[in-house]
$ cat target38.pdb   # PDB, C-alpha atoms
ATOM      1  CA  MET A   1      23.215  -5.711  55.187
ATOM      2  CA  LYS A   2      20.908  -3.712  52.957
ATOM      3  CA  GLU A   3      20.312  -1.037  55.561
ATOM      4  CA  TYR A   4      24.015  -0.327  56.131
ATOM      5  CA  ARG A   5      25.150  -1.313  52.625
ATOM      6  CA  VAL A   6      27.778  -3.791  53.802
ATOM      7  CA  SER A   7      28.900  -7.107  52.390
ATOM      8  CA  GLU A   8      28.031 -10.440  53.938
ATOM      9  CA  LYS A   9      31.620 -10.816  55.135
ATOM     10  CA  GLU A  10      31.495  -7.475  56.956
ATOM     11  CA  ALA A  11      28.136  -8.370  58.513
ATOM     12  CA  VAL A  12      29.456 -11.718  59.763
ATOM     13  CA  GLU A  13      32.574 -10.062  61.214
ATOM     14  CA  PHE A  14      30.395  -7.521  63.001
ATOM     15  CA  LEU A  15      28.188 -10.257  64.457
ATOM     16  CA  TRP A  16      31.212 -12.206  65.728
ATOM     17  CA  LYS A  17      32.479  -9.049  67.441
ATOM     18  CA  GLU A  18      29.061  -8.597  69.058
ATOM     19  CA  ILE A  19      29.083 -12.207  70.256
ATOM     20  CA  SER A  20      32.573 -11.752  71.670
ATOM     21  CA  ASN A  21      31.515  -8.612  73.516
ATOM     22  CA  ALA A  22      28.434 -10.381  74.880
ATOM     23  CA  TRP A  23      30.618 -13.204  76.229
ATOM     24  CA  LYS A  24      32.853 -10.648  77.920
ATOM     25  CA  ASP A  25      29.801  -9.093  79.563
ATOM     26  CA  ILE A  26      28.531 -12.477  80.722
ATOM     27  CA  VAL A  27      31.870 -13.453  82.223
ATOM     28  CA  GLU A  28      32.282 -10.097  83.924
ATOM     29  CA  GLU A  29      28.796 -10.069  85.413
ATOM     30  CA  TYR A  30      28.671 -13.709  86.405
ATOM     31  CA  CYS A  31      32.223 -14.457  87.478
ATOM     32  CA  GLN A  32      33.790 -11.183  88.559
ATOM     33  CA  LYS A  33      30.797  -9.566  90.235
ATOM     34  CA  PRO A  34      28.971 -12.409  91.984
ATOM     35  CA  THR A  35      27.088 -10.019  94.256
ATOM     36  CA  LEU A  36      25.191  -8.530  91.303
ATOM     37  CA  LEU A  37      24.068 -11.903  89.998
ATOM     38  CA  PRO A  38      24.209 -14.525  92.726
ATOM     39  CA  SER A  39      24.879 -18.080  91.639
ATOM     40  CA  THR A  40      21.703 -20.113  91.719
ATOM     41  CA  ASP A  41      20.575 -23.223  89.911
ATOM     42  CA  LEU A  42      18.743 -21.028  87.416
ATOM     43  CA  THR A  43      21.707 -18.769  86.617
ATOM     44  CA  ASP A  44      24.018 -21.797  86.358
ATOM     45  CA  ARG A  45      21.632 -23.483  83.931
ATOM     46  CA  LEU A  46      21.257 -20.342  81.839
ATOM     47  CA  LEU A  47      25.016 -19.898  81.630
ATOM     48  CA  ASN A  48      25.459 -23.550  80.654
ATOM     49  CA  LEU A  49      22.755 -23.214  77.995
ATOM     50  CA  THR A  50      24.553 -20.168  76.614
ATOM     51  CA  ARG A  51      27.802 -22.130  76.475
ATOM     52  CA  LEU A  52      26.044 -24.983  74.705
ATOM     53  CA  ILE A  53      24.533 -22.676  72.103
ATOM     54  CA  ASN A  54      27.981 -21.212  71.495
ATOM     55  CA  ILE A  55      29.380 -24.709  70.884
ATOM     56  CA  PHE A  56      26.511 -25.597  68.554
ATOM     57  CA  TYR A  57      27.059 -22.591  66.307
ATOM     58  CA  ASP A  58      30.772 -21.800  66.684
ATOM     59  CA  ASP A  59      32.079 -23.843  63.739
ATOM     60  CA  GLY A  60      28.855 -23.976  61.802
ATOM     61  CA  ASP A  61      25.349 -25.169  62.483
ATOM     62  CA  CYS A  62      25.807 -28.389  64.461
ATOM     63  CA  LEU A  63      22.084 -28.999  64.607
ATOM     64  CA  ILE A  64      21.867 -29.219  60.817
ATOM     65  CA  ASN A  65      25.376 -30.604  60.202
ATOM     66  CA  SER A  66      25.311 -33.364  62.783
ATOM     67  CA  HIS A  67      28.835 -34.547  61.952
ATOM     68  CA  LEU A  68      30.123 -31.338  63.578
ATOM     69  CA  LEU A  69      28.215 -32.112  66.763
ATOM     70  CA  LYS A  70      29.519 -35.682  66.663
ATOM     71  CA  ASP A  71      33.090 -34.323  66.564
ATOM     72  CA  HIS A  72      32.420 -32.135  69.620
ATOM     73  CA  LEU A  73      30.860 -34.979  71.583
ATOM     74  CA  THR A  74      33.670 -37.348  70.634
ATOM     75  CA  SER A  75      36.263 -34.864  71.836
ATOM     76  CA  LEU A  76      34.389 -34.408  75.128
ATOM     77  CA  PHE A  77      33.502 -37.973  76.039
ATOM     78  CA  ILE A  78      35.558 -40.398  73.938
ATOM     79  CA  ASP A  79      38.891 -38.560  73.633
ATOM     80  CA  PRO A  80      38.941 -36.188  76.616
ATOM     81  CA  VAL A  81      42.018 -34.168  77.501
ATOM     82  CA  PRO A  82      43.875 -35.975  80.296
ATOM     83  CA  LEU A  83      44.178 -34.008  83.509
TER      84      LEU A  83
END
$ encode --input "target38.pdb" --output "structure tokens"
Amino acid sequence: MKEYRVSEKEAVEFLWKEISNAWKDIVEEYCQKPTLLPSTDLTDRLLNLTRLINIFYDDGDCLINSHLLKDHLTSLFIDPVPL
């Protein structure tokens, strides 16, 4: 923020755009071009870890604010979306 003389709001918006672009890259490389990155147990676990980290920090810091994590887990396991 100091280096580019931007506000905290602008810095956060920039970081969210970077995260969004990174997700697009991951999806493109992993799902649309499977020959470049073949699906293995390791790549599946890394992708799942990335998804988990995104859930932990999407609405705030779930590791510090455990009630947010509780809401996510409740929606997944207690009140799942019927198929």
$ atom_distance --input "target38.pdb" --atom1 "CA of Lys2 (chain A)" --atom2 "CA of Trp16 (chain A)"
18.5 Å
$ atom_distance --input "target38.pdb" --atom1 "CA of Leu69 (chain A)" --atom2 "CA of Phe56 (chain A)"
7.0 Å
$ atom_distance --input "target38.pdb" --atom1 "CA of Glu3 (chain A)" --atom2 "CA of Leu15 (chain A)"
15.0 Å
$ closest_residue --input "target38.pdb" --among "A:Pro82, A:Thr74, A:Asn54, A:Asp44" --to "Ser20 (chain A)" --atoms "all atoms listed in the file"
A:Asn54
$ closest_residue --input "target38.pdb" --among "A:Leu73, A:Ile55, A:Leu46, A:Cys62" --to "Ile26 (chain A)" --atoms "only C-alpha atoms"
A:Leu46
$ axis_aligned_box --input "target38.pdb" --around "region 56-68 of chain A" --padding-each-side "3 Å" --output "AutoDock Vina command-line options"
--center_x 27.0 --center_y -28.2 --center_z 64.4 --size_x 16.2 --size_y 18.7 --size_z 14.4
$ residues_around --input "target38.pdb" --residues "Trp23 (chain A)" --least-positions-apart "6" --cutoff "10 Å" --atoms "all atoms listed in the file" --output "PDB file with C-alpha atoms, in the frame of the given file"
ATOM      1  CA  LYS A  17      32.479  -9.049  67.441  1.00  0.00           C
ATOM      2  CA  GLU A  29      28.796 -10.069  85.413  1.00  0.00           C
ATOM      3  CA  THR A  50      24.553 -20.168  76.614  1.00  0.00           C
ATOM      4  CA  ARG A  51      27.802 -22.130  76.475  1.00  0.00           C
ATOM      5  CA  ASN A  54      27.981 -21.212  71.495  1.00  0.00           C
TER       6      ASN A  54
END
$ closest_residue --input "target38.pdb" --among "A:Ile19, A:Lys9, A:Met1, A:Thr40" --to "Asp58 (chain A)" --atoms "only C-alpha atoms"
A:Ile19
$ build_atoms --input "target38.pdb" --residues "region 65-79 of chain A" --atoms "N, CA and C atoms" --output "CSV table (one decimal), in the coordinates of the input"
chain,number,residue,atom,x,y,z
A,65,ASN,N,24.2,-29.8,60.6
A,65,ASN,CA,25.4,-30.6,60.2
A,65,ASN,C,25.8,-31.5,61.4
A,66,SER,N,25.1,-32.6,61.6
A,66,SER,CA,25.3,-33.4,62.8
A,66,SER,C,26.7,-33.9,62.9
A,67,HIS,N,27.5,-34.0,61.8
A,67,HIS,CA,28.8,-34.5,62.0
A,67,HIS,C,29.7,-33.6,62.8
A,68,LEU,N,29.4,-32.3,62.7
A,68,LEU,CA,30.1,-31.3,63.6
A,68,LEU,C,29.8,-31.6,65.1
A,69,LEU,N,28.6,-31.8,65.4
A,69,LEU,CA,28.2,-32.1,66.8
A,69,LEU,C,28.9,-33.4,67.2
A,70,LYS,N,28.9,-34.4,66.3
A,70,LYS,CA,29.5,-35.7,66.7
A,70,LYS,C,31.0,-35.5,67.0
A,71,ASP,N,31.7,-34.6,66.3
A,71,ASP,CA,33.1,-34.3,66.6
A,71,ASP,C,33.2,-33.7,67.9
A,72,HIS,N,32.4,-32.8,68.3
A,72,HIS,CA,32.4,-32.1,69.6
A,72,HIS,C,32.2,-33.2,70.7
A,73,LEU,N,31.2,-34.0,70.6
A,73,LEU,CA,30.9,-35.0,71.6
A,73,LEU,C,32.0,-36.0,71.7
A,74,THR,N,32.6,-36.4,70.6
A,74,THR,CA,33.7,-37.3,70.6
A,74,THR,C,34.8,-36.8,71.4
A,75,SER,N,35.1,-35.5,71.1
A,75,SER,CA,36.3,-34.9,71.8
A,75,SER,C,36.0,-34.7,73.3
A,76,LEU,N,34.7,-34.6,73.7
A,76,LEU,CA,34.4,-34.4,75.1
A,76,LEU,C,34.4,-35.7,75.9
A,77,PHE,N,33.8,-36.7,75.3
A,77,PHE,CA,33.5,-38.0,76.0
A,77,PHE,C,34.4,-39.2,75.6
A,78,ILE,N,34.8,-39.2,74.4
A,78,ILE,CA,35.6,-40.4,73.9
A,78,ILE,C,37.0,-40.1,74.1
A,79,ASP,N,37.5,-38.9,73.6
A,79,ASP,CA,38.9,-38.6,73.6
A,79,ASP,C,39.1,-37.3,74.5
